[in-house]
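Asks: Below you'll find the structure I mean.
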Amino acid sequence: MHFDELNEEQRQLRDSLQRAMEKILTPEYLHRMDQEGRYPYEAYQAWVELGLTGRGIPEEYGGYGGTMEDLALIAEDLAAWSYDLSTAYTVPLFTGQTLLKCGREEQKAEFLPQLAQGKIRMSVCISEPAAGSDVAAIQTRAVADGDHWILNGQKVWITGAGADNTLLHVYARTDSTVSARKGLSIFLIENTHPGIELRKLEMLGRRGAGSYEVFLSDVRVHKSRILGEVNRGWEYLLAGLQGERALTSAGYAGASQSVVNLAVSHARERRQFGKSIAEFQAISHMLADMQTEASAARLLAFSAAAKLARGQDALREVSMAKLFGSETYIKLANQGMQIMGASGYSLEYPMQRHFRDARSTTIGAGSSQMQRSTIASTMDLVPAR
């Protein structure tokens, strides 16, 4: 999807987002967000005022509607400023989409208007010290106690869990007598709930939205806070996975294009041996390859988003977009560092931030190894028996 292919509403949305972010996302702001680990509350409030936090949420729940393509465009645009910034927007968004698809009517009526209005954020708590790609290894347990459940366990690498007014979606084992795919549930718990303890982790990149350890010690929650139905957590996980990967892939595309733009700008301005380094074939060919790969990542991301917007299964498409987009972002950030030389390595310039933020992308939201396995599983490689 090129800019000239956007409909009028999408053009207006992109224009208004650009104008609002130009006022807030100064180089100094982004630098402080990264170096000091500051959550971008000012930017988030601007998204609320623009109605972006209500995108993808139907009007009946206080939202503004919109397709997966609309959401991907926003994720792409924000990631062009900072991939870390984009995650602060997309994590509450795709977590809310799971609630929209799988929650009970009273849960949707209670929480989705608050999400749309920016009164709450959402964060999904799946990973544990011994459960990453192997979600079935989750050890956090919930034990029934009358009309309540009592949760104990530990989550780790949870994006945005410590932001103000965040509703955690905690995956826990509610039936230990069956397989994990039949005995997981999701609990909706405020991050200030008694028994919840948060610890912000020092990470190499993506420091603004923040990654957290979440400790649950005898956390007592009412049964009404089980998202949807008990023991259907695995099903709900799969329902939200494709949207998550489509949005993260759009973010990779936006960040990758930003890397290319930074490298091109530097190559035009940097002069060596009497001419700009962009005039040297070694550099110009590197930039040509970088642009080609960034554009390919974008096409894969929006192909997946378009399929989801049509209500179709897009498992292969989102997995390919996630795989290629994340590996492209890492590759291009590394090449951008090389083109910019010492300037790229300096904390005064944003290329090093892309280099650090990118490194997480082949790990989070499903590793590259898992994406390859998923893609292979859709290709009928093993003969039927």
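Lettering and numbering for the structure tokens are positional, with chains as A, B, ... in the shown order, residues counted from 1 in each chain, and ligands counted from 1 in the shown order.
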Output as a PyMOL selection string all residues of stretch 23-262 of chain A that backbone DSSP marks as alpha helix (DSSP H).

Replies: chain A and resi 23-24+27-35+41-50+68-81+83-102+105-116+233-262

Asks: Please list as a PyMOL selection string every residue within 10 Å of A:Gln154, counting only C-alpha atoms and excluding residues in the same chain fewer than 6 positions away.

Replies: chain A and resi 125-130+138-141+172+196-197+213-217

Asks: Find the residue from A:Trp149, A:Tyr61, A:Trp47, A:Tyr83 that sits nearest to A:Ala209; use only C-alpha atoms when measuring.

Replies: A:Tyr83

Asks: Would you pick out the contacts of A:Arg207 at 6 Å or less, using only C-alpha atoms, so that residues sharing its chain but fewer than 2 positions from it are not included, and give the list as number ranges by chain?

Replies: A: 34, 37, 205, 209-210

Asks: From the options A:Leu6, A:Leu17, A:Ala255, A:Ala358, which residue's atoms come nearest to A:Arg206, counting only C-alpha atoms?

Replies: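 Among the listed residues, A:Ala358 lies closest to A:Arg206.
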
Asks: If you run DSSP over the backbone, which residues in stretch 126-346 of chain A end up strand (DSSP E or B)? Put them as number ranges by chain.

Replies: A: 128, 131, 141-145, 148-159, 166-173, 184-190, 196-200, 211-222, 226, 271-272, 275-276

Asks: So the first atom is atom CA of A:Ser295 and the second is atom CA of A:Phe280; what is the distance between them in Å, to one decimal place?

Replies: 22.6 Å

Asks: State, in Å with one decimal place, the distance from atom CA of A:Gly63 to atom CA of A:Glu105.

Replies: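 Rounded to one decimal, the two atoms are 15.3 Å apart.
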
Asks: When you count only C-alpha atoms, which of these residues is closest to A:Glu42: A:Asn7, A:Arg310, A:Leu71, A:Gly118?

Replies: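 Once distances to A:Glu42 are computed over only C-alpha atoms, the minimum belongs to A:Gly118.
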
Asks: Find the residues near A:Trp81: any atom within 9 Å, counting only C-alpha atoms, skip ones fewer than 5 places away on the same chain, and give them as a VMD selection string.

Replies: chain A and resid 21 25 30 86 254 to 255 258

Asks: Using only C-alpha atoms, find each residue of stretch 152-266 of chain A with at least one atom at most 7 Å away from an atom of stretch 323-335 of chain A; report its shortest atom-to-atom pair and that distance in Å (one decimal), sort the rows by chain and rising residue number, and return the result as JSON lines.

Replies:
```
{"residue": "A:Ser249", "atom": "CA", "partner": "A:Gly325", "partner_atom": "CA", "distance": 5.7}
{"residue": "A:Tyr252", "atom": "CA", "partner": "A:Gly325", "partner_atom": "CA", "distance": 5.5}
{"residue": "A:Ala253", "atom": "CA", "partner": "A:Gly325", "partner_atom": "CA", "distance": 6.3}
{"residue": "A:Ser256", "atom": "CA", "partner": "A:Tyr329", "partner_atom": "CA", "distance": 5.1}
{"residue": "A:Val259", "atom": "CA", "partner": "A:Ala333", "partner_atom": "CA", "distance": 6.1}
```

Asks: If we count only C-alpha atoms, what is near stretch 98-102 of chain A at a cut-off of 12 Å, once residues fewer than 2 positions away on the same chain are taken out, given as a short mmCIF file (atom, residue, chain, number, x, y, z; two decimals) with N, CA, C and O atoms, in the first residue's frame?

Replies:
```cif
data_model
loop_
_atom_site.label_atom_id
_atom_site.label_comp_id
_atom_site.auth_asym_id
_atom_site.auth_seq_id
_atom_site.Cartn_x
_atom_site.Cartn_y
_atom_site.Cartn_z
N GLY A 56 -10.05 0.15 15.74
CA GLY A 56 -10.21 -1.30 15.84
C GLY A 56 -11.26 -1.73 16.84
O GLY A 56 -11.58 -2.91 16.94
N ILE A 57 -11.80 -0.76 17.60
CA ILE A 57 -12.86 -1.05 18.57
C ILE A 57 -14.18 -0.55 17.99
O ILE A 57 -14.28 0.61 17.60
N PRO A 58 -15.19 -1.39 17.91
CA PRO A 58 -16.47 -0.97 17.31
C PRO A 58 -17.10 0.21 18.06
O PRO A 58 -16.86 0.41 19.25
N GLU A 60 -20.02 0.57 19.09
CA GLU A 60 -20.89 0.17 20.20
C GLU A 60 -20.14 0.05 21.51
O GLU A 60 -20.75 0.05 22.59
N TYR A 61 -18.81 -0.05 21.45
CA TYR A 61 -18.00 -0.10 22.65
C TYR A 61 -17.16 1.17 22.82
O TYR A 61 -16.13 1.17 23.48
N GLY A 63 -15.56 2.91 20.49
CA GLY A 63 -14.43 3.06 19.60
C GLY A 63 -14.78 3.75 18.29
O GLY A 63 -15.87 4.30 18.13
N GLY A 65 -13.96 2.08 15.18
CA GLY A 65 -13.89 1.11 14.11
C GLY A 65 -12.53 1.14 13.41
O GLY A 65 -11.53 1.59 13.96
N VAL A 91 0.77 -2.77 21.73
CA VAL A 91 0.53 -3.80 22.75
C VAL A 91 -0.86 -3.65 23.37
O VAL A 91 -1.62 -4.63 23.44
N PRO A 92 -1.27 -2.47 23.85
CA PRO A 92 -2.64 -2.34 24.34
C PRO A 92 -3.69 -2.64 23.26
O PRO A 92 -4.74 -3.21 23.55
N LEU A 93 -3.35 -2.28 22.03
CA LEU A 93 -4.30 -2.45 20.93
C LEU A 93 -4.57 -3.93 20.65
O LEU A 93 -5.73 -4.36 20.64
N PHE A 94 -3.51 -4.71 20.42
CA PHE A 94 -3.79 -6.12 20.07
C PHE A 94 -4.22 -6.93 21.29
O PHE A 94 -4.93 -7.92 21.15
N THR A 95 -3.84 -6.49 22.49
CA THR A 95 -4.36 -7.16 23.68
C THR A 95 -5.86 -6.90 23.81
O THR A 95 -6.64 -7.81 24.14
N GLY A 96 -6.28 -5.68 23.51
CA GLY A 96 -7.69 -5.34 23.52
C GLY A 96 -8.48 -6.09 22.45
O GLY A 96 -9.66 -6.41 22.64
N ARG A 104 -16.52 -11.89 27.36
CA ARG A 104 -17.97 -11.90 27.54
C ARG A 104 -18.51 -10.49 27.31
O ARG A 104 -17.79 -9.50 27.42
N GLU A 105 -19.76 -10.39 27.02
CA GLU A 105 -20.36 -9.10 26.67
C GLU A 105 -20.16 -8.07 27.77
O GLU A 105 -19.83 -6.92 27.49
N GLU A 106 -20.36 -8.47 29.02
CA GLU A 106 -20.20 -7.50 30.11
C GLU A 106 -18.75 -7.06 30.26
O GLU A 106 -18.48 -5.92 30.67
N GLN A 107 -17.80 -7.92 29.90
CA GLN A 107 -16.38 -7.53 29.96
C GLN A 107 -16.06 -6.53 28.86
O GLN A 107 -15.35 -5.54 29.10
N LYS A 108 -16.56 -6.78 27.70
CA LYS A 108 -16.34 -5.84 26.59
C LYS A 108 -16.96 -4.49 26.90
O LYS A 108 -16.35 -3.44 26.64
N ALA A 109 -18.16 -4.51 27.44
CA ALA A 109 -18.85 -3.25 27.77
C ALA A 109 -18.13 -2.48 28.87
O ALA A 109 -18.16 -1.24 28.90
N GLU A 110 -17.47 -3.20 29.78
CA GLU A 110 -16.77 -2.53 30.88
C GLU A 110 -15.42 -1.97 30.46
O GLU A 110 -15.08 -0.82 30.78
N PHE A 111 -14.63 -2.76 29.74
CA PHE A 111 -13.23 -2.40 29.54
C PHE A 111 -12.92 -1.73 28.20
O PHE A 111 -12.03 -0.88 28.13
N LEU A 112 -13.62 -2.10 27.14
CA LEU A 112 -13.27 -1.55 25.83
C LEU A 112 -13.50 -0.04 25.73
O LEU A 112 -12.65 0.67 25.16
N PRO A 113 -14.60 0.52 26.29
CA PRO A 113 -14.72 1.98 26.26
C PRO A 113 -13.59 2.67 27.03
O PRO A 113 -13.12 3.74 26.61
N LEU A 115 -10.54 1.55 27.34
CA LEU A 115 -9.36 1.46 26.49
C LEU A 115 -9.41 2.49 25.38
O LEU A 115 -8.42 3.19 25.10
N ALA A 116 -10.56 2.62 24.75
CA ALA A 116 -10.72 3.56 23.65
C ALA A 116 -10.51 5.00 24.11
O ALA A 116 -9.94 5.83 23.40
N MET A 122 -3.58 -1.89 28.26
CA MET A 122 -3.59 -3.33 28.46
C MET A 122 -2.23 -3.91 28.11
O MET A 122 -1.52 -3.37 27.27
N SER A 123 -1.89 -5.01 28.79
CA SER A 123 -0.63 -5.70 28.52
C SER A 123 -0.85 -7.19 28.74
O SER A 123 -1.53 -7.59 29.68
N VAL A 124 -0.27 -7.99 27.85
CA VAL A 124 -0.48 -9.44 27.92
C VAL A 124 0.70 -10.11 28.62
O VAL A 124 1.86 -9.84 28.31
N LEU A 167 -4.27 -2.81 32.60
CA LEU A 167 -4.99 -4.03 32.90
C LEU A 167 -4.20 -5.19 32.33
O LEU A 167 -4.04 -5.31 31.11
N LEU A 168 -3.69 -6.06 33.19
CA LEU A 168 -2.88 -7.18 32.76
C LEU A 168 -3.78 -8.35 32.33
O LEU A 168 -4.78 -8.65 32.99
N HIS A 169 -3.43 -8.99 31.23
CA HIS A 169 -4.09 -10.21 30.79
C HIS A 169 -3.15 -11.36 31.14
O HIS A 169 -2.20 -11.63 30.40
N SER A 185 -6.31 -20.42 31.30
CA SER A 185 -7.31 -19.35 31.31
C SER A 185 -6.59 -18.02 31.36
O SER A 185 -5.40 -17.94 31.70
N ILE A 186 -7.31 -16.95 31.03
CA ILE A 186 -6.77 -15.60 31.07
C ILE A 186 -7.51 -14.81 32.14
O ILE A 186 -8.74 -14.78 32.16
N PHE A 187 -6.75 -14.14 33.01
CA PHE A 187 -7.33 -13.34 34.08
C PHE A 187 -7.05 -11.85 33.82
O PHE A 187 -5.94 -11.48 33.43
N LEU A 188 -8.07 -11.03 34.02
CA LEU A 188 -7.97 -9.58 33.84
C LEU A 188 -7.69 -8.95 35.21
O LEU A 188 -8.57 -8.92 36.07
N ARG A 225 -13.54 -12.05 36.48
CA ARG A 225 -12.36 -11.52 35.80
C ARG A 225 -11.65 -12.56 34.93
O ARG A 225 -10.56 -12.29 34.43
N ILE A 226 -12.23 -13.72 34.76
CA ILE A 226 -11.70 -14.65 33.76
C ILE A 226 -12.20 -14.20 32.40
O ILE A 226 -13.41 -14.06 32.19
N LEU A 227 -11.27 -13.94 31.49
CA LEU A 227 -11.67 -13.50 30.16
C LEU A 227 -12.41 -14.63 29.46
O LEU A 227 -11.91 -15.76 29.37
N GLY A 228 -13.61 -14.32 28.99
CA GLY A 228 -14.40 -15.34 28.31
C GLY A 228 -14.75 -16.47 29.25
O GLY A 228 -15.31 -16.25 30.32
N GLU A 229 -14.38 -17.67 28.86
CA GLU A 229 -14.71 -18.85 29.64
C GLU A 229 -13.44 -19.49 30.21
O GLU A 229 -12.35 -19.36 29.64
N VAL A 230 -13.59 -20.17 31.31
CA VAL A 230 -12.47 -20.85 31.95
C VAL A 230 -11.95 -21.96 31.05
O VAL A 230 -12.70 -22.59 30.30
N ARG A 232 -10.17 -21.86 28.37
CA ARG A 232 -10.12 -21.63 26.92
C ARG A 232 -9.00 -20.67 26.52
O ARG A 232 -8.99 -20.10 25.44
N GLY A 233 -8.03 -20.53 27.41
CA GLY A 233 -6.94 -19.58 27.18
C GLY A 233 -6.11 -19.88 25.95
O GLY A 233 -5.68 -18.97 25.25
N TRP A 234 -5.87 -21.16 25.69
CA TRP A 234 -5.06 -21.51 24.52
C TRP A 234 -5.76 -21.09 23.23
O TRP A 234 -5.16 -20.52 22.32
N GLU A 235 -7.04 -21.34 23.18
CA GLU A 235 -7.86 -20.94 22.02
C GLU A 235 -7.82 -19.42 21.85
O GLU A 235 -7.69 -18.91 20.73
N TYR A 236 -7.92 -18.70 22.95
CA TYR A 236 -7.91 -17.24 22.88
C TYR A 236 -6.54 -16.71 22.48
O TYR A 236 -6.43 -15.69 21.78
N LEU A 237 -5.49 -17.39 22.91
CA LEU A 237 -4.14 -17.02 22.50
C LEU A 237 -4.01 -17.06 20.99
O LEU A 237 -3.51 -16.12 20.35
N LEU A 238 -4.47 -18.15 20.40
CA LEU A 238 -4.37 -18.30 18.94
C LEU A 238 -5.23 -17.27 18.23
O LEU A 238 -4.87 -16.81 17.14
N ALA A 239 -6.35 -16.89 18.83
CA ALA A 239 -7.25 -15.92 18.19
C ALA A 239 -6.60 -14.55 18.05
O ALA A 239 -6.89 -13.80 17.11
N GLY A 240 -5.70 -14.21 18.97
CA GLY A 240 -5.07 -12.89 18.93
C GLY A 240 -3.71 -12.86 18.28
O GLY A 240 -3.17 -11.78 17.99
N LEU A 241 -3.15 -14.05 18.00
CA LEU A 241 -1.77 -14.12 17.55
C LEU A 241 -1.55 -13.48 16.19
O LEU A 241 -0.56 -12.77 15.96
N GLN A 242 -2.46 -13.72 15.26
CA GLN A 242 -2.25 -13.22 13.91
C GLN A 242 -2.30 -11.69 13.86
O GLN A 242 -1.49 -11.06 13.17
N GLY A 243 -3.22 -11.10 14.61
CA GLY A 243 -3.28 -9.64 14.65
C GLY A 243 -2.03 -9.04 15.25
O GLY A 243 -1.50 -8.02 14.76
N GLU A 244 -1.54 -9.66 16.32
CA GLU A 244 -0.31 -9.18 16.96
C GLU A 244 0.85 -9.17 15.97
O GLU A 244 1.58 -8.19 15.85
#
```

Asks: Neighbours of A:His222 within 9 Å (only C-alpha atoms; same-chain residues fewer than 5 positions away dropped), as a count of residues only?

Replies: 4

Asks: Pick out the closest residue to A:Arg173 from this set: A:Ala79, A:Ala142, A:Leu315, A:Ala161. Count only C-alpha atoms.

Replies: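 Ranked by minimum distance to A:Arg173, first place goes to A:Ala142.
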
Asks: What gap, in Å, lies between atom CA of A:Tyr171 and atom CA of A:Gln97?

Replies: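 So the answer is 15.8 Å.
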
Asks: Can you pull out the residues contacting A:Thr378? Cut-off 8 Å, using only C-alpha atoms, and skip same-chain residues under 3 positions away; I want them as a PyMOL selection string.

Replies: chain A and resi 316+374-375
